[in-house]
Amino acid sequence: MTHKETEILITKYLNGETTLEEEKQLALEVTRDDAPEEWKLIAAMMGELATDEALFDHIMTERATQRFTRKPSLQNWWWTAAACLLLLVGFGFSWRYHRHEADKTVLAASEPATETTPTASSAPTTTMVAETYQDPARVTRFIKELAKVYSADSLHPDCPTPTENAPQESVYLFADNEEQDIIGRLVQVACWYSNKHPGYHLSLNDKQFIFQLEDSRKNIHYQWMAERVRGRILLHCSYTTANSSVFSTCYREFRNEIEDNPYILNNHKTIKI
Amino acid sequence: MTQAEFETIAPGLRKVMMSVGRNFFGNESDADDVAQEGLVALWRYRDRLDIGQTHEGLAIRIAKHCCMDMMRKRKESVQLYGAIPPDSITKEMPAAQSPQEILETDELQSAIEEAIDRLTPGERRLYELRQIEGWELDEIASKTNISKPSVKSIISTARRKIYEELKKSLKS
């Protein structure tokens with residue numbers, strides 16, 4: 001973060017406009033050894049609870065990132081090279097096809113039988129997509145596919161009839177092993193999204209992965225939370241309108257029950273996907 | 001919160017703090033220390049805990065602080081008694097404070113406490129819900145029945161008052 005960005009964040013903090021996530025970023029900046037004197041006032045104001053929490057989360061995220069950043073093996077390089085080659089070939093075919101179609105359009109437009117004069121709008125053009133929108137629902141679709149591939153169980157906590165603002169939830173139970181590497185895969189999925197994405201929040205440690213996004217077009221708040229519970233990975237996907245809580249009390253209670261009593265996990269109503 | 005009420009919630013919160021300590025240090029003994037230190041800190045704060053509310057969030061924050069505090073102390077002790085092992089977990093921590101810095105921090109801390117005491121009860125309440133409990137503005141608004149813009153404005157007033165007081169005390 002640059003000096004100017006930190007100054008902006010300090011003004012936001014004093015205006016009461018920062019989110020907790022922004023305050024964590026700010027805490028890391030203002031507690032640096034080389035921070036200016038006036039920033040140290042902000043660090044003192046934020047208090048040790050906040051600055052230590054920011055440092056703790058930072059350390060845990062660093063550790064988890066190191067763990068999930070594996071050295072690619074020679075075999076992986078071959079796969080990457082093969083995938084790139086396939087992409088290039090595919091792109092080449094697609095380009096040739098579009099060029100062929102464009103030539104046909106130009107030919108058709110220049111035929112004497114055509115009554116209308118070719119205009120700019122009828123000329124073949126390449127439309128550039130101005131902005132690529134990353135739909136947060138992609139994550140949930142990916143998780144569903146993942147659950148199918150690994151035959152994960154879909155759990156159904158006995159929640160009361162949902163109210164209007166209650167979150168829509170699904171819970172999956174995966175094995176916790178290196179082959180499935182669920183948390184590693186989820187970290188990769190989180191990398192699809194820029195940290196500038198609305199509502200972006202990523203929190204990661206050895207036991208827990210939490211990822212949040214907002215769909216500002218539809219005013220929906222998404223959360224995906226994976227936790228290591230009793231040797232399994234419990235994955236909770238939920239979404240709700242952005243101004244209500246994405247975390248239901250029912251799921252929280254269900255999760256605590258599992259932690260306390262493994263019997264529930266083995267005998268809970270599950271549906272094979 | 002009375003002692004009896006605190007004792008009813010303590011085992012649950014201890015578990016939460018153990019889990020934070022276990023995640024960070026990777027062993028039961030340190031996790032136990034984190035939970036122990038954390039419960040002591042929470043006990044000092046018990047007057048401000050409401051019995052009807054969940055305090056897991058606060059317990060997690062306190063446990064994280066205890067982890068960092070333990071790391072700082074270890075870093076100081078390895079600096080006093082020998083070289084820091086290369087793979088030591090302590091390398092993740094920023095440099096330990098000098099005695100002069102500790103003194104300055106203590107003075108700053110008392111100045112903050114005095115400034116907080118001068119806030120109005122309403123400002124102080126919202127400031128602490130955000131600062132200590134770590135609640136989001138939406139959460140504070142819904143639990144206090146104060147609109148979000150008002151919450152934002154009150155917290156801003158409190159923070160600016162404290163900031164100005166600190167600047168003044170620093171100059172004097």
# chains A, B, ... in the order shown; residues from 1 in each chain; ligands from 1
>>> interface_residues(of="chain A", to="chain B", cutoff="10 Å", atoms="only C-alpha atoms", output="PyMOL selection string")
chain A and resi 11-21+31-33+38+40-42+44-60+62-63+205-208+243-245
>>> write_last_selection(atoms="C-alpha atoms", output="PDB file, in the first residue's frame")
ATOM      1  CA  THR A  11      -9.198   9.756   6.676  1.00  0.00           C
ATOM      2  CA  LYS A  12     -11.822   7.078   6.011  1.00  0.00           C
ATOM      3  CA  TYR A  13     -11.082   5.562   9.425  1.00  0.00           C
ATOM      4  CA  LEU A  14     -11.524   8.904  11.180  1.00  0.00           C
ATOM      5  CA  ASN A  15     -14.761   9.422   9.245  1.00  0.00           C
ATOM      6  CA  GLY A  16     -16.033   6.062  10.502  1.00  0.00           C
ATOM      7  CA  GLU A  17     -16.281   4.807   6.927  1.00  0.00           C
ATOM      8  CA  THR A  18     -13.800   1.927   6.922  1.00  0.00           C
ATOM      9  CA  THR A  19     -14.885  -1.714   6.854  1.00  0.00           C
ATOM     10  CA  LEU A  20     -13.278  -4.163   9.289  1.00  0.00           C
ATOM     11  CA  GLU A  21     -11.200  -5.544   6.432  1.00  0.00           C
ATOM     12  CA  THR A  31       2.206  -0.600  12.919  1.00  0.00           C
ATOM     13  CA  ARG A  32       5.146  -0.938  10.534  1.00  0.00           C
ATOM     14  CA  ASP A  33       8.485  -0.115  12.126  1.00  0.00           C
ATOM     15  CA  GLU A  38       1.305  10.584  13.201  1.00  0.00           C
ATOM     16  CA  LYS A  40       1.470   5.718  15.342  1.00  0.00           C
ATOM     17  CA  LEU A  41      -1.355   7.728  16.916  1.00  0.00           C
ATOM     18  CA  ILE A  42      -3.792   5.857  14.697  1.00  0.00           C
ATOM     19  CA  ALA A  44      -2.558   3.410  19.318  1.00  0.00           C
ATOM     20  CA  MET A  45      -6.177   4.414  18.728  1.00  0.00           C
ATOM     21  CA  MET A  46      -6.947   1.171  16.953  1.00  0.00           C
ATOM     22  CA  GLY A  47      -5.706  -0.660  20.027  1.00  0.00           C
ATOM     23  CA  GLU A  48      -3.809  -3.899  20.452  1.00  0.00           C
ATOM     24  CA  LEU A  49      -6.862  -6.065  19.914  1.00  0.00           C
ATOM     25  CA  ALA A  50      -7.300  -4.728  16.380  1.00  0.00           C
ATOM     26  CA  THR A  51      -3.631  -4.427  15.439  1.00  0.00           C
ATOM     27  CA  ASP A  52      -2.786  -7.882  16.806  1.00  0.00           C
ATOM     28  CA  GLU A  53      -5.777  -9.415  15.052  1.00  0.00           C
ATOM     29  CA  ALA A  54      -4.580  -7.902  11.770  1.00  0.00           C
ATOM     30  CA  LEU A  55      -1.075  -9.242  12.353  1.00  0.00           C
ATOM     31  CA  PHE A  56      -2.356 -12.677  13.358  1.00  0.00           C
ATOM     32  CA  ASP A  57      -4.556 -12.959  10.255  1.00  0.00           C
ATOM     33  CA  HIS A  58      -1.688 -11.743   8.085  1.00  0.00           C
ATOM     34  CA  ILE A  59       0.694 -14.365   9.478  1.00  0.00           C
ATOM     35  CA  MET A  60      -1.872 -17.152   9.092  1.00  0.00           C
ATOM     36  CA  GLU A  62       1.011 -16.034   4.642  1.00  0.00           C
ATOM     37  CA  ARG A  63       1.529 -19.498   6.100  1.00  0.00           C
ATOM     38  CA  ASN A 205      -5.809 -20.343   8.065  1.00  0.00           C
ATOM     39  CA  ASP A 206      -4.952 -23.991   8.672  1.00  0.00           C
ATOM     40  CA  LYS A 207      -8.460 -24.845   9.801  1.00  0.00           C
ATOM     41  CA  GLN A 208     -10.728 -22.470   8.000  1.00  0.00           C
ATOM     42  CA  ASN A 243     -28.139  -6.094   3.821  1.00  0.00           C
ATOM     43  CA  SER A 244     -28.952  -9.202   5.830  1.00  0.00           C
ATOM     44  CA  SER A 245     -26.592 -11.643   7.549  1.00  0.00           C
TER      45      SER A 245
END
>>> atom_distance(atom1="CA of Arg255 (chain A)", atom2="CA of Thr54 (chain B)")
15.4 Å
>>> residues_around(residues="region 222-234 of chain A", least_positions_apart="5", cutoff="9 Å", atoms="only C-alpha atoms", output="number ranges by chain")
A: 136-137, 139-140, 171-177, 182-183, 186, 199, 206-215, 239-242, 246-247, 255, 258-259, 262, 265
>>> write_last_selection(atoms="C-alpha atoms", output="mmCIF file, in the first residue's frame")
data_model
loop_
_atom_site.group_PDB
_atom_site.id
_atom_site.type_symbol
_atom_site.label_atom_id
_atom_site.label_comp_id
_atom_site.auth_asym_id
_atom_site.auth_seq_id
_atom_site.Cartn_x
_atom_site.Cartn_y
_atom_site.Cartn_z
ATOM 1 C CA PRO A 136 -19.887 -14.752 -7.852
ATOM 2 C CA ALA A 137 -22.349 -17.607 -8.438
ATOM 3 C CA VAL A 139 -17.963 -20.317 -7.181
ATOM 4 C CA THR A 140 -21.100 -22.139 -6.049
ATOM 5 C CA VAL A 171 -23.719 -27.736 3.153
ATOM 6 C CA TYR A 172 -21.301 -30.316 1.780
ATOM 7 C CA LEU A 173 -19.084 -32.792 3.534
ATOM 8 C CA PHE A 174 -15.812 -33.661 1.800
ATOM 9 C CA ALA A 175 -12.964 -35.929 2.769
ATOM 10 C CA ASP A 176 -9.940 -34.056 4.092
ATOM 11 C CA ASN A 177 -7.072 -35.489 2.078
ATOM 12 C CA ILE A 182 -10.551 -28.906 -1.092
ATOM 13 C CA ILE A 183 -9.163 -25.852 0.690
ATOM 14 C CA LEU A 186 -11.039 -23.066 -2.997
ATOM 15 C CA GLY A 199 -17.548 -7.327 -1.025
ATOM 16 C CA ASP A 206 -4.952 -23.991 8.672
ATOM 17 C CA LYS A 207 -8.460 -24.845 9.801
ATOM 18 C CA GLN A 208 -10.728 -22.470 8.000
ATOM 19 C CA PHE A 209 -11.317 -20.806 4.651
ATOM 20 C CA ILE A 210 -13.814 -17.963 4.336
ATOM 21 C CA PHE A 211 -14.509 -16.195 1.082
ATOM 22 C CA GLN A 212 -17.125 -13.497 0.536
ATOM 23 C CA LEU A 213 -18.256 -11.608 -2.520
ATOM 24 C CA GLU A 214 -21.120 -9.331 -3.415
ATOM 25 C CA ASP A 215 -23.114 -9.329 -6.595
ATOM 26 C CA TYR A 239 -26.122 -16.220 -0.125
ATOM 27 C CA THR A 240 -28.584 -13.559 0.855
ATOM 28 C CA THR A 241 -29.566 -9.991 0.065
ATOM 29 C CA ALA A 242 -26.568 -7.795 0.820
ATOM 30 C CA VAL A 246 -25.190 -14.418 5.406
ATOM 31 C CA PHE A 247 -24.523 -16.681 8.364
ATOM 32 C CA ARG A 255 -21.664 -26.919 13.109
ATOM 33 C CA ILE A 258 -20.840 -31.685 14.949
ATOM 34 C CA GLU A 259 -17.732 -30.419 16.721
ATOM 35 C CA PRO A 262 -19.122 -36.851 15.915
ATOM 36 C CA LEU A 265 -21.800 -36.464 11.469
#
>>> select_by_dssp(residues="region 149-259 of chain A", states="strand (DSSP E)", output="JSON, numbers by chain")
{"A": [153, 154, 155, 168, 169, 170, 171, 172, 173, 174, 175, 201, 202, 203, 204, 208, 209, 210, 211, 212, 213, 214, 215, 220, 221, 222, 223, 224, 225, 226, 227, 228, 229, 232, 233, 234, 235, 236, 237, 238, 239, 240, 241]}
>>> write_last_selection(atoms="N, CA and C atoms", output="short mmCIF file (atom, residue, chain, number, x, y, z; two decimals), in the first residue's frame")
data_model
loop_
_atom_site.label_atom_id
_atom_site.label_comp_id
_atom_site.auth_asym_id
_atom_site.auth_seq_id
_atom_site.Cartn_x
_atom_site.Cartn_y
_atom_site.Cartn_z
N ASP A 153 -21.00 -35.68 0.43
CA ASP A 153 -22.36 -35.74 0.98
C ASP A 153 -22.93 -34.33 1.04
N SER A 154 -24.22 -34.25 0.77
CA SER A 154 -24.90 -32.97 0.94
C SER A 154 -25.68 -33.07 2.25
N LEU A 155 -25.38 -32.20 3.19
CA LEU A 155 -26.02 -32.29 4.51
C LEU A 155 -27.23 -31.36 4.58
N GLN A 168 -29.94 -18.41 1.82
CA GLN A 168 -30.10 -19.69 1.12
C GLN A 168 -28.80 -20.45 1.34
N GLU A 169 -28.92 -21.69 1.83
CA GLU A 169 -27.70 -22.37 2.23
C GLU A 169 -27.59 -23.77 1.63
N SER A 170 -26.37 -24.21 1.43
CA SER A 170 -26.13 -25.62 1.16
C SER A 170 -24.85 -26.02 1.89
N VAL A 171 -24.85 -27.26 2.36
CA VAL A 171 -23.72 -27.74 3.15
C VAL A 171 -23.20 -29.04 2.55
N TYR A 172 -21.90 -29.11 2.33
CA TYR A 172 -21.30 -30.32 1.78
C TYR A 172 -20.25 -30.85 2.75
N LEU A 173 -20.08 -32.16 2.68
CA LEU A 173 -19.08 -32.79 3.53
C LEU A 173 -18.08 -33.53 2.63
N PHE A 174 -16.85 -33.06 2.63
CA PHE A 174 -15.81 -33.66 1.80
C PHE A 174 -14.82 -34.41 2.68
N ALA A 175 -14.08 -35.31 2.04
CA ALA A 175 -12.96 -35.93 2.77
C ALA A 175 -11.85 -34.90 2.87
N HIS A 201 -13.73 -10.55 0.38
CA HIS A 201 -13.10 -10.81 1.68
C HIS A 201 -12.57 -12.24 1.66
N LEU A 202 -11.32 -12.39 1.93
CA LEU A 202 -10.73 -13.73 1.96
C LEU A 202 -9.99 -13.90 3.26
N SER A 203 -10.35 -14.93 3.98
CA SER A 203 -9.67 -15.18 5.24
C SER A 203 -9.28 -16.66 5.25
N LEU A 204 -8.06 -16.91 5.63
CA LEU A 204 -7.54 -18.26 5.46
C LEU A 204 -6.62 -18.63 6.61
N GLN A 208 -9.53 -23.11 8.53
CA GLN A 208 -10.73 -22.47 8.00
C GLN A 208 -10.44 -21.62 6.77
N PHE A 209 -11.39 -21.66 5.84
CA PHE A 209 -11.32 -20.81 4.65
C PHE A 209 -12.64 -20.05 4.57
N ILE A 210 -12.58 -18.74 4.49
CA ILE A 210 -13.81 -17.96 4.34
C ILE A 210 -13.62 -17.03 3.15
N PHE A 211 -14.60 -17.06 2.25
CA PHE A 211 -14.51 -16.19 1.08
C PHE A 211 -15.87 -15.54 0.89
N GLN A 212 -15.86 -14.22 0.71
CA GLN A 212 -17.12 -13.50 0.54
C GLN A 212 -17.04 -12.61 -0.69
N LEU A 213 -18.15 -12.51 -1.37
CA LEU A 213 -18.26 -11.61 -2.52
C LEU A 213 -19.65 -11.02 -2.55
N GLU A 214 -19.78 -9.91 -3.23
CA GLU A 214 -21.12 -9.33 -3.41
C GLU A 214 -21.43 -9.27 -4.89
N ASP A 215 -22.67 -9.55 -5.23
CA ASP A 215 -23.11 -9.33 -6.60
C ASP A 215 -23.87 -8.01 -6.56
N ILE A 220 -26.79 -9.19 -3.96
CA ILE A 220 -26.70 -10.47 -3.24
C ILE A 220 -25.31 -10.59 -2.63
N HIS A 221 -25.29 -11.09 -1.39
CA HIS A 221 -24.03 -11.27 -0.67
C HIS A 221 -23.77 -12.78 -0.56
N TYR A 222 -22.61 -13.21 -1.02
CA TYR A 222 -22.27 -14.64 -1.01
C TYR A 222 -21.20 -14.92 0.04
N GLN A 223 -21.30 -16.08 0.63
CA GLN A 223 -20.20 -16.52 1.51
C GLN A 223 -19.96 -18.01 1.33
N TRP A 224 -18.68 -18.40 1.26
CA TRP A 224 -18.31 -19.81 1.21
C TRP A 224 -17.35 -20.03 2.36
N MET A 225 -17.68 -21.01 3.17
CA MET A 225 -16.82 -21.25 4.34
C MET A 225 -16.50 -22.73 4.44
N ALA A 226 -15.22 -23.06 4.42
CA ALA A 226 -14.81 -24.46 4.58
C ALA A 226 -14.05 -24.58 5.88
N GLU A 227 -14.39 -25.62 6.63
CA GLU A 227 -13.71 -25.81 7.92
C GLU A 227 -13.30 -27.26 8.10
N ARG A 228 -12.17 -27.45 8.74
CA ARG A 228 -11.76 -28.81 9.09
C ARG A 228 -12.49 -29.19 10.37
N VAL A 229 -13.41 -30.14 10.27
CA VAL A 229 -14.15 -30.57 11.46
C VAL A 229 -14.09 -32.08 11.53
N ARG A 232 -12.85 -34.08 8.61
CA ARG A 232 -13.54 -33.88 7.32
C ARG A 232 -13.54 -32.39 7.00
N ILE A 233 -13.94 -32.09 5.77
CA ILE A 233 -14.08 -30.67 5.40
C ILE A 233 -15.57 -30.37 5.29
N LEU A 234 -16.01 -29.47 6.11
CA LEU A 234 -17.41 -29.06 6.09
C LEU A 234 -17.48 -27.76 5.30
N LEU A 235 -18.21 -27.79 4.19
CA LEU A 235 -18.24 -26.63 3.30
C LEU A 235 -19.64 -26.03 3.27
N HIS A 236 -19.73 -24.80 3.69
CA HIS A 236 -21.02 -24.12 3.80
C HIS A 236 -21.10 -23.01 2.76
N CYS A 237 -22.09 -23.10 1.86
CA CYS A 237 -22.26 -22.06 0.84
C CYS A 237 -23.55 -21.33 1.18
N SER A 238 -23.52 -20.03 1.21
CA SER A 238 -24.76 -19.31 1.50
C SER A 238 -24.79 -17.99 0.76
N TYR A 239 -25.98 -17.55 0.46
CA TYR A 239 -26.12 -16.22 -0.12
C TYR A 239 -27.42 -15.59 0.36
N THR A 240 -27.41 -14.28 0.39
CA THR A 240 -28.58 -13.56 0.85
C THR A 240 -28.54 -12.14 0.30
N THR A 241 -29.60 -11.38 0.52
CA THR A 241 -29.57 -9.99 0.06
C THR A 241 -28.49 -9.28 0.88
#
>>> residues_around(residues="region 32-49 of chain B", least_positions_apart="4", cutoff="8 Å", atoms="only C-alpha atoms", output="JSON list (two decimals) with N, CA and C atoms, in the first residue's frame")
[["chain", "number", "residue", "atom", "x", "y", "z"],
["B", 1, "MET", "N", -22.06, -8.58, 33.96],
["B", 1, "MET", "CA", -22.17, -10.04, 34.08],
["B", 1, "MET", "C", -21.58, -10.48, 35.43],
["B", 2, "THR", "N", -22.33, -11.31, 36.15],
["B", 2, "THR", "CA", -21.84, -11.76, 37.46],
["B", 2, "THR", "C", -20.81, -12.88, 37.28],
["B", 6, "PHE", "N", -20.51, -15.56, 34.28],
["B", 6, "PHE", "CA", -19.25, -15.70, 33.54],
["B", 6, "PHE", "C", -18.81, -17.16, 33.51],
["B", 10, "ALA", "N", -17.77, -19.39, 30.29],
["B", 10, "ALA", "CA", -16.31, -19.56, 30.17],
["B", 10, "ALA", "C", -15.88, -20.86, 29.47],
["B", 13, "LEU", "N", -16.13, -20.51, 25.70],
["B", 13, "LEU", "CA", -15.18, -19.53, 25.16],
["B", 13, "LEU", "C", -13.75, -20.05, 25.26],
["B", 14, "ARG", "N", -13.50, -20.84, 26.30],
["B", 14, "ARG", "CA", -12.16, -21.43, 26.47],
["B", 14, "ARG", "C", -11.85, -22.34, 25.27],
["B", 15, "LYS", "N", -12.86, -23.11, 24.88],
["B", 15, "LYS", "CA", -12.70, -24.02, 23.73],
["B", 15, "LYS", "C", -12.33, -23.23, 22.47],
["B", 17, "MET", "N", -10.94, -20.31, 22.30],
["B", 17, "MET", "CA", -9.60, -19.73, 22.41],
["B", 17, "MET", "C", -8.52, -20.81, 22.26],
["B", 18, "MET", "N", -8.83, -22.00, 22.76],
["B", 18, "MET", "CA", -7.89, -23.13, 22.60],
["B", 18, "MET", "C", -7.68, -23.39, 21.11],
["B", 21, "GLY", "N", -5.41, -20.84, 19.56],
["B", 21, "GLY", "CA", -4.02, -21.07, 19.99],
["B", 21, "GLY", "C", -3.44, -22.31, 19.31],
["B", 28, "GLU", "N", -0.76, -28.35, 22.03],
["B", 28, "GLU", "CA", -1.77, -28.20, 23.08],
["B", 28, "GLU", "C", -1.31, -27.31, 24.23],
["B", 53, "GLN", "N", -25.91, -12.11, 24.90],
["B", 53, "GLN", "CA", -25.23, -12.04, 23.60],
["B", 53, "GLN", "C", -24.14, -13.09, 23.47],
["B", 55, "HIS", "N", -20.37, -14.14, 22.66],
["B", 55, "HIS", "CA", -19.11, -13.42, 22.82],
["B", 55, "HIS", "C", -17.96, -14.13, 22.13],
["B", 59, "ALA", "N", -13.96, -13.35, 22.04],
["B", 59, "ALA", "CA", -13.02, -14.37, 22.55],
["B", 59, "ALA", "C", -11.94, -14.66, 21.51],
["B", 62, "ILE", "N", -9.49, -11.74, 21.39],
["B", 62, "ILE", "CA", -8.60, -11.75, 22.56],
["B", 62, "ILE", "C", -7.56, -12.87, 22.43],
["B", 63, "ALA", "N", -8.01, -14.03, 21.93],
["B", 63, "ALA", "CA", -7.06, -15.15, 21.78],
["B", 63, "ALA", "C", -5.98, -14.81, 20.76],
["B", 66, "CYS", "N", -3.57, -12.66, 22.43],
["B", 66, "CYS", "CA", -2.72, -13.42, 23.35],
["B", 66, "CYS", "C", -1.62, -14.16, 22.57],
["B", 67, "CYS", "N", -1.97, -14.72, 21.42],
["B", 67, "CYS", "CA", -0.96, -15.40, 20.59],
["B", 67, "CYS", "C", 0.16, -14.43, 20.23]]
>>> atom_distance(atom1="CA of Val30 (chain A)", atom2="CA of Glu164 (chain B)")
17.5 Å
>>> select_by_dssp(residues="region 160-242 of chain A", states="helix (DSSP H, G or I)", output="ChimeraX atom specification")
/A:182-190
